[in-house]
Amino acid sequence: MEEVVFFMLVSLAGLVAGFFDSLVGGGGLISVPSLVLLGIPPQMAIATERFGSIGQAIAATIKFWKAKKIVWKYVAPLCILSLVGAVIGANILLNINGKFLGVILGILMLVLLPVVFLKKDLGIKHRETNRKNTSIGYMIFFLIAIFAGFYGQGTGPMVFYTLIFFLGLTMLESIGTSVVGWLLLTISSSLIFAFNNLIDYKIGLVLFVTMSIGSYAGASTAVIKGDLWIKRLFVVLVVIMSVKLLFFNSP
């Protein structure tokens, strides 16, 4: 009976995390702490959640592809940066605690939030960008990919900030375009975690299924509601995520 309750709680965490991850990112701030509270060691919780996130990324990619919200010209560069960043970051997980960097991330999200809030068209209308801004965007994305490779919590909003500011994408385009790179990042980092025996596959498979379901529902909601609604939700959830990272920052 205890095992049934345990996996029901894991399933609930996966559904909720997958749903919000496909809306505004940051699902790891729900799923990873939930696994730790259920008694999973922090490193294994991060690695197991990453394995489950493969399902989340697949489901979101399918939905955003169908909705034509993926800007394909950016996909290949972002995938390459995600792959390299994931390999570097996943190896860092084996030797570092990400709590301090999580606090830095929380501060950055709050500092950048007024820009999104005050510029009405930002994230709502697609903007053309230049080579300089694109290059800066790629460099920042690469740094985020490294961080996401070993920690991951709260990195979704930072990716969206980057793609909106520097590549001129709308909210939905930034989510749809980044999820392809995230799929590659989750697969590559999961392989490294698997090699180091950090994944609990029984829990991971439950998360894979439930995060897939939650993710597809979240992506569908995002497409139906549109960019303005997502932007408003983004502002609210970034504040919540930042508070979590700053004051309740356990893996």
# chains A, B, ... in the order shown; residues from 1 in each chain; ligands from 1
call {"tool": "residues_around", "arguments": {"residues": "segment 10-26 of chain A", "least_positions_apart": "4", "cutoff": "9 Å", "atoms": "only C-alpha atoms", "output": "CSV table (one decimal) with all heavy atoms, in the first residue's frame"}}
result
chain,number,residue,atom,x,y,z
A,5,VAL,N,0.9,4.4,-2.8
A,5,VAL,CA,0.8,5.9,-2.5
A,5,VAL,C,2.0,6.6,-3.0
A,5,VAL,O,1.9,7.7,-3.6
A,5,VAL,CB,0.7,6.0,-1.0
A,5,VAL,CG1,0.7,7.5,-0.6
A,5,VAL,CG2,-0.6,5.4,-0.5
A,6,PHE,N,3.2,6.0,-2.8
A,6,PHE,CA,4.5,6.6,-3.3
A,6,PHE,C,4.4,6.9,-4.8
A,6,PHE,O,4.7,8.0,-5.2
A,6,PHE,CB,5.6,5.7,-3.0
A,6,PHE,CG,7.0,6.1,-3.5
A,6,PHE,CD1,7.7,7.0,-2.8
A,6,PHE,CD2,7.4,5.7,-4.8
A,6,PHE,CE1,9.0,7.5,-3.3
A,6,PHE,CE2,8.6,6.1,-5.3
A,6,PHE,CZ,9.4,7.0,-4.6
A,30,ILE,N,9.3,21.7,-9.4
A,30,ILE,CA,8.2,20.9,-8.8
A,30,ILE,C,8.6,19.5,-8.6
A,30,ILE,O,8.5,18.9,-7.6
A,30,ILE,CB,6.9,21.0,-9.7
A,30,ILE,CG1,6.4,22.4,-9.8
A,30,ILE,CG2,5.8,20.1,-9.1
A,30,ILE,CD1,5.3,22.6,-10.8
A,31,SER,N,9.1,18.9,-9.7
A,31,SER,CA,9.4,17.4,-9.7
A,31,SER,C,10.6,17.0,-8.9
A,31,SER,O,10.5,16.1,-8.1
A,31,SER,CB,9.6,16.9,-11.2
A,31,SER,OG,10.5,17.7,-11.9
A,32,VAL,N,11.7,17.8,-9.0
A,32,VAL,CA,12.9,17.4,-8.3
A,32,VAL,C,12.7,17.5,-6.7
A,32,VAL,O,13.0,16.5,-6.0
A,32,VAL,CB,14.1,18.2,-8.7
A,32,VAL,CG1,15.4,17.9,-7.8
A,32,VAL,CG2,14.5,17.9,-10.2
A,34,SER,N,10.0,17.3,-5.2
A,34,SER,CA,9.0,16.3,-4.8
A,34,SER,C,9.7,14.9,-4.6
A,34,SER,O,9.4,14.2,-3.6
A,34,SER,CB,7.9,16.2,-5.9
A,34,SER,OG,7.2,17.4,-6.0
A,35,LEU,N,10.6,14.6,-5.5
A,35,LEU,CA,11.3,13.3,-5.4
A,35,LEU,C,12.2,13.3,-4.1
A,35,LEU,O,12.3,12.3,-3.4
A,35,LEU,CB,12.2,13.1,-6.6
A,35,LEU,CG,11.5,12.9,-7.9
A,35,LEU,CD1,12.5,12.6,-9.1
A,35,LEU,CD2,10.5,11.7,-7.8
A,38,LEU,N,10.2,12.7,-1.1
A,38,LEU,CA,9.8,11.3,-1.1
A,38,LEU,C,10.9,10.3,-0.7
A,38,LEU,O,10.8,9.1,-0.7
A,38,LEU,CB,9.2,10.9,-2.4
A,38,LEU,CG,7.8,11.5,-2.7
A,38,LEU,CD1,7.4,11.3,-4.2
A,38,LEU,CD2,6.8,11.0,-1.8
A,49,GLU,N,14.7,12.5,-12.7
A,49,GLU,CA,13.7,13.5,-13.2
A,49,GLU,C,14.2,13.9,-14.7
A,49,GLU,O,13.3,14.0,-15.5
A,49,GLU,CB,13.7,14.8,-12.4
A,49,GLU,CG,12.7,15.8,-12.7
A,49,GLU,CD,13.0,16.8,-13.8
A,49,GLU,OE1,14.3,16.9,-14.1
A,49,GLU,OE2,12.2,17.5,-14.3
A,52,GLY,N,12.9,11.2,-16.9
A,52,GLY,CA,11.4,11.4,-17.2
A,52,GLY,C,11.1,12.6,-18.1
A,52,GLY,O,10.2,12.6,-18.8
A,53,SER,N,12.0,13.6,-18.1
A,53,SER,CA,11.8,14.8,-18.9
A,53,SER,C,12.0,14.5,-20.4
A,53,SER,O,11.5,15.3,-21.2
A,53,SER,CB,12.9,15.9,-18.5
A,53,SER,OG,12.6,16.4,-17.2
A,55,GLY,N,10.3,12.2,-21.9
A,55,GLY,CA,8.9,12.1,-22.3
A,55,GLY,C,8.3,13.4,-22.5
A,55,GLY,O,7.5,13.7,-23.4
A,56,GLN,N,8.5,14.3,-21.5
A,56,GLN,CA,8.0,15.7,-21.5
A,56,GLN,C,8.4,16.4,-22.8
A,56,GLN,O,7.6,17.0,-23.4
A,56,GLN,CB,8.4,16.4,-20.3
A,56,GLN,CG,7.9,17.8,-20.2
A,56,GLN,CD,8.9,18.9,-20.7
A,56,GLN,OE1,10.1,18.7,-20.5
A,56,GLN,NE2,8.4,19.9,-21.4
A,57,ALA,N,9.7,16.3,-23.1
A,57,ALA,CA,10.2,17.0,-24.3
A,57,ALA,C,9.6,16.5,-25.6
A,57,ALA,O,9.4,17.2,-26.5
A,57,ALA,CB,11.7,17.0,-24.3
A,60,ALA,N,5.9,17.7,-25.9
A,60,ALA,CA,5.9,19.1,-26.2
A,60,ALA,C,6.3,19.4,-27.7
A,60,ALA,O,5.7,20.2,-28.4
A,60,ALA,CB,6.7,19.9,-25.2
A,152,GLY,N,19.3,22.3,-13.8
A,152,GLY,CA,18.1,22.3,-14.6
A,152,GLY,C,17.0,23.1,-14.0
A,152,GLY,O,16.1,23.7,-14.7
A,153,GLN,N,16.8,23.2,-12.7
A,153,GLN,CA,15.7,23.8,-12.1
A,153,GLN,C,15.7,25.3,-12.4
A,153,GLN,O,16.6,26.0,-12.1
A,153,GLN,CB,15.7,23.6,-10.5
A,153,GLN,CG,15.6,22.1,-10.1
A,153,GLN,CD,15.6,22.0,-8.6
A,153,GLN,OE1,14.8,22.5,-8.0
A,153,GLN,NE2,16.6,21.2,-8.1
A,154,GLY,N,14.6,25.8,-13.0
A,154,GLY,CA,14.4,27.2,-13.2
A,154,GLY,C,15.1,27.7,-14.5
A,154,GLY,O,15.0,28.9,-14.8
A,155,THR,N,15.7,26.8,-15.2
A,155,THR,CA,16.4,27.3,-16.4
A,155,THR,C,15.5,27.6,-17.6
A,155,THR,O,15.9,28.4,-18.5
A,155,THR,CB,17.5,26.2,-16.9
A,155,THR,OG1,16.8,25.0,-17.0
A,155,THR,CG2,18.6,26.1,-15.9
A,156,GLY,N,14.3,27.0,-17.6
A,156,GLY,CA,13.3,27.3,-18.7
A,156,GLY,C,13.1,28.7,-18.9
A,156,GLY,O,13.2,29.3,-20.0
A,157,PRO,N,12.7,29.5,-17.8
A,157,PRO,CA,12.5,30.9,-18.0
A,157,PRO,C,13.7,31.7,-18.5
A,157,PRO,O,13.5,32.6,-19.3
A,157,PRO,CB,12.1,31.4,-16.6
A,157,PRO,CG,11.5,30.2,-15.9
A,157,PRO,CD,12.3,29.0,-16.5
A,158,MET,N,14.9,31.3,-18.1
A,158,MET,CA,16.1,32.0,-18.6
A,158,MET,C,16.3,31.7,-20.1
A,158,MET,O,16.7,32.6,-20.9
A,158,MET,CB,17.3,31.5,-17.9
A,158,MET,CG,17.4,32.0,-16.4
A,158,MET,SD,17.2,33.8,-16.2
A,158,MET,CE,18.7,34.3,-17.1
A,159,VAL,N,15.9,30.5,-20.6
A,159,VAL,CA,16.0,30.2,-22.0
A,159,VAL,C,15.0,31.1,-22.7
A,159,VAL,O,15.3,31.7,-23.8
A,159,VAL,CB,15.7,28.7,-22.3
A,159,VAL,CG1,15.5,28.5,-23.8
A,159,VAL,CG2,16.8,27.9,-21.8
A,160,PHE,N,13.8,31.2,-22.2
A,160,PHE,CA,12.8,32.1,-22.9
A,160,PHE,C,13.2,33.5,-22.9
A,160,PHE,O,13.0,34.2,-23.9
A,160,PHE,CB,11.4,31.9,-22.1
A,160,PHE,CG,10.9,30.5,-22.1
A,160,PHE,CD1,10.1,30.1,-21.1
A,160,PHE,CD2,11.3,29.5,-23.0
A,160,PHE,CE1,9.6,28.7,-21.0
A,160,PHE,CE2,10.9,28.2,-23.0
A,160,PHE,CZ,10.1,27.8,-21.9
A,171,MET,N,6.5,34.4,-27.2
A,171,MET,CA,6.5,33.5,-26.1
A,171,MET,C,6.3,32.0,-26.6
A,171,MET,O,7.1,31.1,-26.2
A,171,MET,CB,5.4,33.8,-25.1
A,171,MET,CG,5.6,35.1,-24.3
A,171,MET,SD,7.0,35.1,-23.2
A,171,MET,CE,6.7,33.7,-22.1
A,172,LEU,N,5.3,31.8,-27.4
A,172,LEU,CA,5.1,30.5,-27.9
A,172,LEU,C,6.2,30.0,-28.8
A,172,LEU,O,6.6,28.8,-28.8
A,172,LEU,CB,3.7,30.5,-28.7
A,172,LEU,CG,2.5,30.4,-27.9
A,172,LEU,CD1,1.2,30.6,-28.8
A,172,LEU,CD2,2.4,29.1,-27.1
A,175,ILE,N,9.1,28.9,-26.6
A,175,ILE,CA,8.9,27.6,-25.9
A,175,ILE,C,9.0,26.5,-27.0
A,175,ILE,O,9.7,25.5,-26.7
A,175,ILE,CB,7.5,27.6,-25.3
A,175,ILE,CG1,7.3,28.7,-24.2
A,175,ILE,CG2,7.2,26.2,-24.7
A,175,ILE,CD1,5.9,28.9,-23.7
A,176,GLY,N,8.4,26.6,-28.1
A,176,GLY,CA,8.4,25.6,-29.1
A,176,GLY,C,9.8,25.4,-29.7
A,176,GLY,O,10.2,24.2,-29.9
A,179,VAL,N,12.3,23.7,-27.1
A,179,VAL,CA,12.0,22.3,-26.6
A,179,VAL,C,12.7,21.3,-27.4
A,179,VAL,O,13.0,20.2,-26.9
A,179,VAL,CB,10.4,22.1,-26.6
A,179,VAL,CG1,9.9,21.8,-28.0
A,179,VAL,CG2,10.1,20.9,-25.7
A,203,ILE,N,11.1,4.6,-11.1
A,203,ILE,CA,10.5,6.0,-10.9
A,203,ILE,C,10.6,6.8,-12.2
A,203,ILE,O,9.6,7.5,-12.5
A,203,ILE,CB,11.2,6.7,-9.8
A,203,ILE,CG1,11.1,6.0,-8.4
A,203,ILE,CG2,10.7,8.1,-9.6
A,203,ILE,CD1,11.9,6.5,-7.3
A,206,VAL,N,7.8,6.0,-14.6
A,206,VAL,CA,6.5,6.6,-14.2
A,206,VAL,C,6.5,8.1,-14.6
A,206,VAL,O,5.5,8.6,-15.1
A,206,VAL,CB,6.3,6.4,-12.7
A,206,VAL,CG1,5.1,7.2,-12.2
A,206,VAL,CG2,6.1,5.0,-12.3
A,207,LEU,N,7.6,8.8,-14.3
A,207,LEU,CA,7.8,10.2,-14.7
A,207,LEU,C,7.7,10.4,-16.2
A,207,LEU,O,7.1,11.3,-16.7
A,207,LEU,CB,9.1,10.8,-14.1
A,207,LEU,CG,9.1,11.0,-12.6
A,207,LEU,CD1,10.5,11.5,-12.2
A,207,LEU,CD2,8.1,12.0,-12.2
A,208,PHE,N,8.3,9.5,-16.9
A,208,PHE,CA,8.3,9.6,-18.4
A,208,PHE,C,6.9,9.6,-18.9
A,208,PHE,O,6.5,10.5,-19.7
A,208,PHE,CB,9.1,8.4,-19.0
A,208,PHE,CG,9.2,8.4,-20.5
A,208,PHE,CD1,10.5,8.8,-21.0
A,208,PHE,CD2,8.2,8.1,-21.3
A,208,PHE,CE1,10.6,8.9,-22.4
A,208,PHE,CE2,8.4,8.1,-22.7
A,208,PHE,CZ,9.6,8.5,-23.3
A,209,VAL,N,6.0,8.7,-18.4
A,209,VAL,CA,4.7,8.6,-18.9
A,209,VAL,C,3.8,9.8,-18.4
A,209,VAL,O,3.2,10.5,-19.2
A,209,VAL,CB,4.0,7.3,-18.4
A,209,VAL,CG1,2.5,7.3,-18.7
A,209,VAL,CG2,4.7,6.1,-19.0
A,210,THR,N,3.9,10.1,-17.1
A,210,THR,CA,3.1,11.2,-16.5
A,210,THR,C,3.5,12.6,-17.0
A,210,THR,O,2.7,13.5,-17.3
A,210,THR,CB,3.1,11.2,-15.0
A,210,THR,OG1,4.4,11.2,-14.5
A,210,THR,CG2,2.4,9.9,-14.5
A,211,MET,N,4.8,12.8,-17.2
A,211,MET,CA,5.3,14.1,-17.7
A,211,MET,C,4.9,14.3,-19.1
A,211,MET,O,4.7,15.4,-19.6
A,211,MET,CB,6.8,14.2,-17.5
A,211,MET,CG,7.2,14.3,-16.0
A,211,MET,SD,9.0,14.6,-15.7
A,211,MET,CE,9.2,16.3,-16.1
A,212,SER,N,4.9,13.2,-19.9
A,212,SER,CA,4.4,13.3,-21.3
A,212,SER,C,3.0,13.7,-21.4
A,212,SER,O,2.7,14.6,-22.1
A,212,SER,CB,4.6,11.9,-21.9
A,212,SER,OG,5.9,11.4,-22.0
A,213,ILE,N,2.2,13.1,-20.5
A,213,ILE,CA,0.7,13.5,-20.5
A,213,ILE,C,0.6,15.0,-20.1
A,213,ILE,O,-0.1,15.7,-20.7
A,213,ILE,CB,0.0,12.6,-19.6
A,213,ILE,CG1,0.0,11.1,-20.1
A,213,ILE,CG2,-1.5,13.0,-19.4
A,213,ILE,CD1,-0.6,10.1,-19.1
A,214,GLY,N,1.2,15.3,-19.0
A,214,GLY,CA,1.1,16.7,-18.5
A,214,GLY,C,1.7,17.7,-19.5
A,214,GLY,O,1.1,18.8,-19.7
A,215,SER,N,2.8,17.3,-20.2
A,215,SER,CA,3.4,18.2,-21.1
A,215,SER,C,2.5,18.5,-22.3
A,215,SER,O,2.4,19.6,-22.8
A,215,SER,CB,4.7,17.6,-21.6
A,215,SER,OG,5.3,18.3,-22.6
A,216,TYR,N,1.9,17.4,-22.8
A,216,TYR,CA,1.0,17.6,-24.0
A,216,TYR,C,-0.2,18.5,-23.7
A,216,TYR,O,-0.6,19.4,-24.5
A,216,TYR,CB,0.5,16.3,-24.5
A,216,TYR,CG,0.0,16.3,-26.0
A,216,TYR,CD1,0.9,16.2,-27.1
A,216,TYR,CD2,-1.3,16.5,-26.2
A,216,TYR,CE1,0.4,16.3,-28.4
A,216,TYR,CE2,-1.8,16.6,-27.5
A,216,TYR,CZ,-0.9,16.5,-28.6
A,216,TYR,OH,-1.4,16.6,-29.9
A,217,ALA,N,-0.7,18.3,-22.5
A,217,ALA,CA,-1.8,19.1,-22.0
A,217,ALA,C,-1.4,20.6,-21.8
A,217,ALA,O,-2.1,21.5,-22.2
A,217,ALA,CB,-2.3,18.6,-20.7
A,218,GLY,N,-0.2,20.8,-21.3
A,218,GLY,CA,0.4,22.1,-21.1
A,218,GLY,C,0.6,22.8,-22.4
A,218,GLY,O,0.3,24.0,-22.6
A,219,ALA,N,1.2,22.1,-23.4
A,219,ALA,CA,1.5,22.7,-24.7
A,219,ALA,C,0.2,23.0,-25.4
A,219,ALA,O,0.1,24.0,-26.1
A,219,ALA,CB,2.4,21.7,-25.5
A,220,SER,N,-0.8,22.2,-25.3
A,220,SER,CA,-2.1,22.4,-25.9
A,220,SER,C,-2.7,23.7,-25.3
A,220,SER,O,-3.3,24.5,-26.1
A,220,SER,CB,-3.0,21.2,-25.7
A,220,SER,OG,-2.5,20.0,-26.3
A,221,THR,N,-2.6,23.8,-24.0
A,221,THR,CA,-3.2,25.0,-23.4
A,221,THR,C,-2.5,26.3,-23.8
A,221,THR,O,-3.1,27.3,-24.1
A,221,THR,CB,-3.0,24.9,-21.8
A,221,THR,OG1,-3.7,23.7,-21.4
A,221,THR,CG2,-3.6,26.1,-21.1
A,222,ALA,N,-1.2,26.2,-24.0
A,222,ALA,CA,-0.4,27.3,-24.4
A,222,ALA,C,-0.8,27.8,-25.8
A,222,ALA,O,-1.0,29.0,-26.1
A,222,ALA,CB,1.1,27.0,-24.4
A,230,ILE,N,0.2,33.6,-22.0
A,230,ILE,CA,1.4,32.9,-21.6
A,230,ILE,C,2.4,33.9,-20.9
A,230,ILE,O,3.0,33.6,-19.9
A,230,ILE,CB,2.1,32.2,-22.7
A,230,ILE,CG1,1.2,31.1,-23.3
A,230,ILE,CG2,3.5,31.7,-22.3
A,230,ILE,CD1,0.9,30.0,-22.3
A,231,LYS,N,2.4,35.1,-21.5
A,231,LYS,CA,3.3,36.1,-20.9
A,231,LYS,C,2.9,36.5,-19.5
A,231,LYS,O,3.7,36.7,-18.6
A,231,LYS,CB,3.3,37.4,-21.8
A,231,LYS,CG,4.3,38.5,-21.3
A,231,LYS,CD,4.4,39.6,-22.3
A,231,LYS,CE,5.3,40.7,-21.9
A,231,LYS,NZ,5.4,41.8,-22.8
A,233,LEU,N,1.1,34.7,-17.4
A,233,LEU,CA,1.4,33.6,-16.5
A,233,LEU,C,2.9,33.5,-16.2
A,233,LEU,O,3.3,33.1,-15.1
A,233,LEU,CB,0.9,32.3,-17.2
A,233,LEU,CG,1.1,31.0,-16.4
A,233,LEU,CD1,0.3,31.0,-15.1
A,233,LEU,CD2,0.7,29.8,-17.2
A,234,PHE,N,3.7,33.8,-17.3
A,234,PHE,CA,5.1,33.7,-17.1
A,234,PHE,C,5.6,34.7,-16.0
A,234,PHE,O,6.4,34.3,-15.2
A,234,PHE,CB,5.8,34.1,-18.5
A,234,PHE,CG,7.3,34.2,-18.5
A,234,PHE,CD1,8.0,33.1,-18.6
A,234,PHE,CD2,7.9,35.4,-18.3
A,234,PHE,CE1,9.4,33.1,-18.6
A,234,PHE,CE2,9.3,35.5,-18.3
A,234,PHE,CZ,10.1,34.3,-18.5
A,237,LEU,N,4.6,33.2,-12.6
A,237,LEU,CA,5.4,32.0,-12.2
A,237,LEU,C,6.9,32.3,-12.0
A,237,LEU,O,7.6,31.6,-11.2
A,237,LEU,CB,5.2,30.9,-13.2
A,237,LEU,CG,3.8,30.3,-13.2
A,237,LEU,CD1,3.7,29.1,-14.1
A,237,LEU,CD2,3.4,29.8,-11.8
A,238,VAL,N,7.4,33.2,-12.7
A,238,VAL,CA,8.8,33.6,-12.5
A,238,VAL,C,9.0,34.1,-11.1
A,238,VAL,O,10.1,33.8,-10.4
A,238,VAL,CB,9.3,34.6,-13.6
A,238,VAL,CG1,10.6,35.4,-13.1
A,238,VAL,CG2,9.6,34.0,-14.9
A,241,MET,N,9.0,31.0,-8.9
A,241,MET,CA,10.2,30.3,-9.1
A,241,MET,C,11.4,30.9,-8.4
A,241,MET,O,12.2,30.3,-7.8
A,241,MET,CB,10.5,30.1,-10.6
A,241,MET,CG,9.5,29.2,-11.3
A,241,MET,SD,9.9,29.2,-13.1
A,241,MET,CE,8.4,28.6,-13.7
call {"tool": "residues_around", "arguments": {"residues": "segment 76-80 of chain A", "least_positions_apart": "2", "cutoff": "12 Å", "atoms": "only C-alpha atoms", "output": "mmCIF file with N, CA and C atoms, in the first residue's frame"}}
result
data_model
loop_
_atom_site.group_PDB
_atom_site.id
_atom_site.type_symbol
_atom_site.label_atom_id
_atom_site.label_comp_id
_atom_site.auth_asym_id
_atom_site.auth_seq_id
_atom_site.Cartn_x
_atom_site.Cartn_y
_atom_site.Cartn_z
ATOM 1 N N ILE A 70 7.481 26.244 -33.992
ATOM 2 C CA ILE A 70 8.931 26.023 -33.942
ATOM 3 C C ILE A 70 9.595 26.818 -35.068
ATOM 4 N N VAL A 71 10.532 27.696 -34.725
ATOM 5 C CA VAL A 71 11.274 28.477 -35.724
ATOM 6 C C VAL A 71 12.514 27.655 -36.088
ATOM 7 N N TRP A 72 12.417 26.929 -37.178
ATOM 8 C CA TRP A 72 13.402 25.885 -37.482
ATOM 9 C C TRP A 72 14.806 26.412 -37.776
ATOM 10 N N LYS A 73 14.927 27.651 -38.225
ATOM 11 C CA LYS A 73 16.262 28.158 -38.557
ATOM 12 C C LYS A 73 17.164 28.258 -37.326
ATOM 13 N N TYR A 74 16.554 28.297 -36.133
ATOM 14 C CA TYR A 74 17.339 28.361 -34.900
ATOM 15 C C TYR A 74 17.540 26.992 -34.249
ATOM 16 N N SER A 82 22.960 22.807 -26.999
ATOM 17 C CA SER A 82 22.341 22.008 -25.943
ATOM 18 C C SER A 82 23.131 20.731 -25.703
ATOM 19 N N LEU A 83 23.556 20.099 -26.793
ATOM 20 C CA LEU A 83 24.295 18.834 -26.686
ATOM 21 C C LEU A 83 25.619 19.027 -25.957
ATOM 22 N N VAL A 84 26.384 20.030 -26.393
ATOM 23 C CA VAL A 84 27.686 20.286 -25.764
ATOM 24 C C VAL A 84 27.494 20.733 -24.312
ATOM 25 N N GLY A 85 26.531 21.627 -24.086
ATOM 26 C CA GLY A 85 26.261 22.097 -22.732
ATOM 27 C C GLY A 85 25.819 20.982 -21.815
ATOM 28 N N ALA A 86 25.009 20.048 -22.341
ATOM 29 C CA ALA A 86 24.515 18.934 -21.529
ATOM 30 C C ALA A 86 25.645 18.019 -21.091
ATOM 31 N N VAL A 87 26.568 17.750 -22.001
ATOM 32 C CA VAL A 87 27.699 16.872 -21.677
ATOM 33 C C VAL A 87 28.566 17.500 -20.590
ATOM 34 N N THR A 134 21.944 37.804 -32.297
ATOM 35 C CA THR A 134 21.817 36.352 -32.415
ATOM 36 C C THR A 134 23.020 35.658 -31.791
ATOM 37 N N SER A 135 24.218 36.181 -32.056
ATOM 38 C CA SER A 135 25.438 35.583 -31.498
ATOM 39 C C SER A 135 25.449 35.665 -29.975
ATOM 40 N N GLY A 137 22.814 35.859 -28.084
ATOM 41 C CA GLY A 137 21.790 34.925 -27.649
ATOM 42 C C GLY A 137 22.291 33.497 -27.599
ATOM 43 N N TYR A 138 23.063 33.105 -28.617
ATOM 44 C CA TYR A 138 23.625 31.746 -28.647
ATOM 45 C C TYR A 138 24.605 31.529 -27.492
ATOM 46 N N MET A 139 25.430 32.521 -27.216
ATOM 47 C CA MET A 139 26.410 32.384 -26.135
ATOM 48 C C MET A 139 25.722 32.230 -24.775
ATOM 49 N N ILE A 140 24.699 33.043 -24.550
ATOM 50 C CA ILE A 140 23.967 32.956 -23.278
ATOM 51 C C ILE A 140 23.239 31.622 -23.184
ATOM 52 N N PHE A 141 22.653 31.192 -24.296
ATOM 53 C CA PHE A 141 21.951 29.908 -24.309
ATOM 54 C C PHE A 141 22.906 28.769 -23.961
ATOM 55 N N PHE A 142 24.123 28.834 -24.459
ATOM 56 C CA PHE A 142 25.117 27.798 -24.185
ATOM 57 C C PHE A 142 25.430 27.715 -22.687
ATOM 58 N N LEU A 143 25.583 28.868 -22.043
ATOM 59 C CA LEU A 143 25.847 28.895 -20.606
ATOM 60 C C LEU A 143 24.661 28.314 -19.822
ATOM 61 N N ILE A 144 23.459 28.646 -20.276
ATOM 62 C CA ILE A 144 22.258 28.107 -19.626
ATOM 63 C C ILE A 144 22.197 26.598 -19.814
ATOM 64 N N ALA A 145 22.586 26.119 -21.017
ATOM 65 C CA ALA A 145 22.564 24.682 -21.303
ATOM 66 C C ALA A 145 23.522 23.923 -20.386
ATOM 67 N N VAL A 159 15.934 30.529 -20.564
ATOM 68 C CA VAL A 159 15.981 30.240 -22.004
ATOM 69 C C VAL A 159 14.985 31.120 -22.741
ATOM 70 N N THR A 162 16.151 34.656 -23.068
ATOM 71 C CA THR A 162 17.205 34.766 -24.084
ATOM 72 C C THR A 162 16.638 34.779 -25.492
ATOM 73 N N LEU A 163 15.743 33.851 -25.783
ATOM 74 C CA LEU A 163 15.201 33.751 -27.139
ATOM 75 C C LEU A 163 14.290 34.927 -27.477
ATOM 76 N N LEU A 167 16.713 36.814 -29.972
ATOM 77 C CA LEU A 167 16.321 36.235 -31.258
ATOM 78 C C LEU A 167 14.983 36.772 -31.753
ATOM 79 N N SER A 174 9.341 30.847 -28.589
ATOM 80 C CA SER A 174 10.509 30.551 -27.741
ATOM 81 C C SER A 174 10.345 29.203 -27.045
ATOM 82 N N THR A 177 10.507 26.419 -29.961
ATOM 83 C CA THR A 177 11.833 26.287 -30.563
ATOM 84 C C THR A 177 12.835 25.699 -29.580
ATOM 85 N N SER A 178 12.760 26.100 -28.320
ATOM 86 C CA SER A 178 13.735 25.621 -27.332
ATOM 87 C C SER A 178 13.506 24.176 -26.932
ATOM 88 N N VAL A 179 12.274 23.685 -27.084
ATOM 89 C CA VAL A 179 11.981 22.340 -26.595
ATOM 90 C C VAL A 179 12.699 21.270 -27.416
ATOM 91 N N VAL A 180 13.022 21.576 -28.678
ATOM 92 C CA VAL A 180 13.750 20.601 -29.499
ATOM 93 C C VAL A 180 15.172 20.422 -28.951
ATOM 94 N N GLY A 181 15.805 21.550 -28.613
ATOM 95 C CA GLY A 181 17.130 21.474 -28.004
ATOM 96 C C GLY A 181 17.079 20.826 -26.633
ATOM 97 N N TRP A 182 15.996 21.102 -25.891
ATOM 98 C CA TRP A 182 15.836 20.495 -24.571
ATOM 99 C C TRP A 182 15.712 18.980 -24.673
ATOM 100 N N LEU A 183 15.046 18.496 -25.728
ATOM 101 C CA LEU A 183 14.935 17.051 -25.943
ATOM 102 C C LEU A 183 16.313 16.427 -26.103
ATOM 103 N N LEU A 184 17.159 17.070 -26.905
ATOM 104 C CA LEU A 184 18.511 16.555 -27.100
ATOM 105 C C LEU A 184 19.310 16.626 -25.807
ATOM 106 N N LEU A 185 19.131 17.716 -25.051
ATOM 107 C CA LEU A 185 19.835 17.877 -23.780
ATOM 108 C C LEU A 185 19.428 16.796 -22.784
ATOM 109 N N THR A 186 18.132 16.502 -22.705
ATOM 110 C CA THR A 186 17.672 15.494 -21.742
ATOM 111 C C THR A 186 18.195 14.105 -22.099
ATOM 112 N N ILE A 187 18.214 13.787 -23.392
ATOM 113 C CA ILE A 187 18.696 12.471 -23.810
ATOM 114 C C ILE A 187 20.181 12.322 -23.521
ATOM 115 N N SER A 188 20.977 13.321 -23.921
ATOM 116 C CA SER A 188 22.428 13.225 -23.759
ATOM 117 C C SER A 188 22.836 13.221 -22.291
#
call {"tool": "atom_distance", "arguments": {"atom1": "atom CA of Asp200 of chain A", "atom2": "atom CA of Met8 of chain A"}}
result
16.1 Å
call {"tool": "atom_distance", "arguments": {"atom1": "atom CA of Glu128 of chain A", "atom2": "atom CA of Gly168 of chain A"}}
result
5.9 Å
call {"tool": "atom_distance", "arguments": {"atom1": "atom CA of Ala67 of chain A", "atom2": "atom CA of Ile164 of chain A"}}
result
18.8 Å
call {"tool": "closest_residue", "arguments": {"among": "A:Ile199, A:Ala148, A:Asp121, A:Phe165", "to": "Leu228 of chain A", "atoms": "only C-alpha atoms"}}
result
A:Asp121
